[in-house]
Amino acid sequence: MVLGPEGYVLADPADVLQNITSFSKDTKFHVQLGIFQRSERIAITRLLKAGYDNIEVTIHDPPFVTFPYFQFKSSLFMRLSRGVDWYFSAFGLQRRLIERLRRVFVLSEGGRDRVLKLAPRANVTTIPHIVDPKRIWPASTNLAPAMIYFGFIGPNKGVDYVLALHEAVRMIRPGTQLHVVGQASGAVGERYLAGLQAQYKDDVTFHGYVADADLDALFGRAAHVVLPYSAYKHIMPASGSVIHALRRARIVWTTDVNVMAELIQDGENGFMLSMDIKIDARRMAAVMDNPLQQQAISARAREATLAMANYPYRQHFT
């Protein structure tokens with residue numbers, strides 16, 4: 001959406017490396033970096049070694065350009081590799097790579113602080129998450145007072161709190177529905193999910209994986225998106241799940257950790273959970289019983305993503 005009109009072409013990192021000598025030295029590169037995108041990190045390293053210095057990146061999980069920096073097949077060595085990143089900053093390799101880049105973009109001020117703490121000489125700019133204006137839902141006057149959780153399912157992901165909160169809300173508002181969307185990963189996750197399914201059955205639907213088209217229909221049936229994040233110790237990502245909820249003009253309930261306060265203003269375009277079941281249940285039930293408040297929060301959630309969609313991103317690339 002942003003780089004295409006400026007002449008950038010989408011490329012696979014492997015193709016770039018295979019044809020590395022065919023690019024002129026003034027070629028501009030922009031690389032999207034998530035914590036597991038090792039091939040992109042290797043491509044950057046090779047380009048820098050080959051003398052290309054017009055390289056920009058967007059780091060989605062600041063401050064790491066990738067995580068872990070070193071990859072091994074052995075699970076033991078992988079744990080050691082993560083420790084090298086956490087406690088030894090990859091022996092300075094991440095810092096040196098970041099500081100050699102022409103520009104670094106991150107999606108939050110908290111993320112920018114983390115990058116500069118790791119790499120003080122880096123050229124870091126904060127931009128909001130890119131939102132396609134065509135995918136922003138219109139303001140809704142028909143907000144179903146139901147709850148939805150979507151994301152990874154496993155210990156420490158918050159779904160257990162959502163289920164307990166839903167049970168408490170049902171005590172105040174009988175019949176309130178909860179939709180749980182997502183899959184468990186690995187044997188531990190499967191056992192964890194099975195335990196939750198055995199414990200929580202009333203007015204709860206566990207959907208598993210849901211395709212995007214069907215997810216839209218599900219969001220139409222549940223106005224309250226509950227995402228109780230834990231504080232991340234080493235990274236500061238901007239939640240894509242929260243942004244997907246906001247662009248659908250849903251009412252987000254989350255926790256004041258990481259960079260959530262940059263996305264959600266409590267009582268304005270969403271709500272911050274206290275993580276006290278009784279307090280949160282009473283507050284959620286009260287909002288569900290107040291159609292005008294629901295509509296006002298929904299409208300401001302939509303406005304938050306409209307501001308992202310209208311941000312002048314191209315000023316950074318022309």
# chains A, B, ... in the order shown; residues from 1 in each chain; ligands from 1
$ residues_around --residues "Pro62 of chain A" --least-positions-apart "2" --cutoff "10 Å" --atoms "only C-alpha atoms" --output "list of chain:residue names"
A:Leu33, A:Gly34, A:Ile35, A:Thr58, A:Ile59, A:His60, A:Phe64, A:Val65, A:Thr66, A:Phe105, A:Val106, A:Leu107, A:Ser108, A:Gly110, A:Gly111, A:Arg112, A:Asp113, A:Arg114, A:Val115, A:Leu116, A:Leu118, A:His234, A:Ile235, A:Met236, A:Pro237, A:Ala238
$ closest_atom_pairs --of "segment 81-184 of chain A" --to "segment 26-31 of chain A" --cutoff "10 Å" --atoms "only C-alpha atoms" --output "Markdown table"
| residue | atom | partner | partner_atom | distance |
| --- | --- | --- | --- | --- |
| A:Arg102 | CA | A:Phe29 | CA | 9.8 |
| A:Arg103 | CA | A:His30 | CA | 9.3 |
| A:Val104 | CA | A:His30 | CA | 9.5 |
$ residues_around --residues "Val257 of chain A" --least-positions-apart "4" --cutoff "12 Å" --atoms "only C-alpha atoms" --output "PyMOL selection string"
chain A and resi 110+227-233+235-239+261-264+272-275
$ select_by_dssp --residues "segment 26-232 of chain A" --states "helix (DSSP H, G or I)" --output "PyMOL selection string"
chain A and resi 38-49+75-100+109-118+133-135+159-172+186-199+212-219
$ residues_around --residues "Ile130 of chain A" --least-positions-apart "5" --cutoff "9 Å" --atoms "only C-alpha atoms" --output "ChimeraX atom specification"
/A:1-2,305,308-309,311,313
$ select_by_dssp --residues "segment 35-254 of chain A" --states "strand (DSSP E)" --output "PyMOL selection string"
chain A and resi 55-59+103-106+124-126+147-150+178-181+204-208+224-227+251-254
$ residues_around --residues "Gly175 of chain A" --least-positions-apart "5" --cutoff "9 Å" --atoms "only C-alpha atoms" --output "list of chain:residue names"
A:Arg170, A:Asp202, A:Asp203
$ closest_residue --among "A:Glu56, A:Asn310, A:Pro68, A:Arg96" --to "Val84 of chain A" --atoms "only C-alpha atoms"
A:Pro68
$ closest_residue --among "A:Ala304, A:Gln94, A:Val57, A:Gly186" --to "Val124 of chain A" --atoms "only C-alpha atoms"
A:Val57
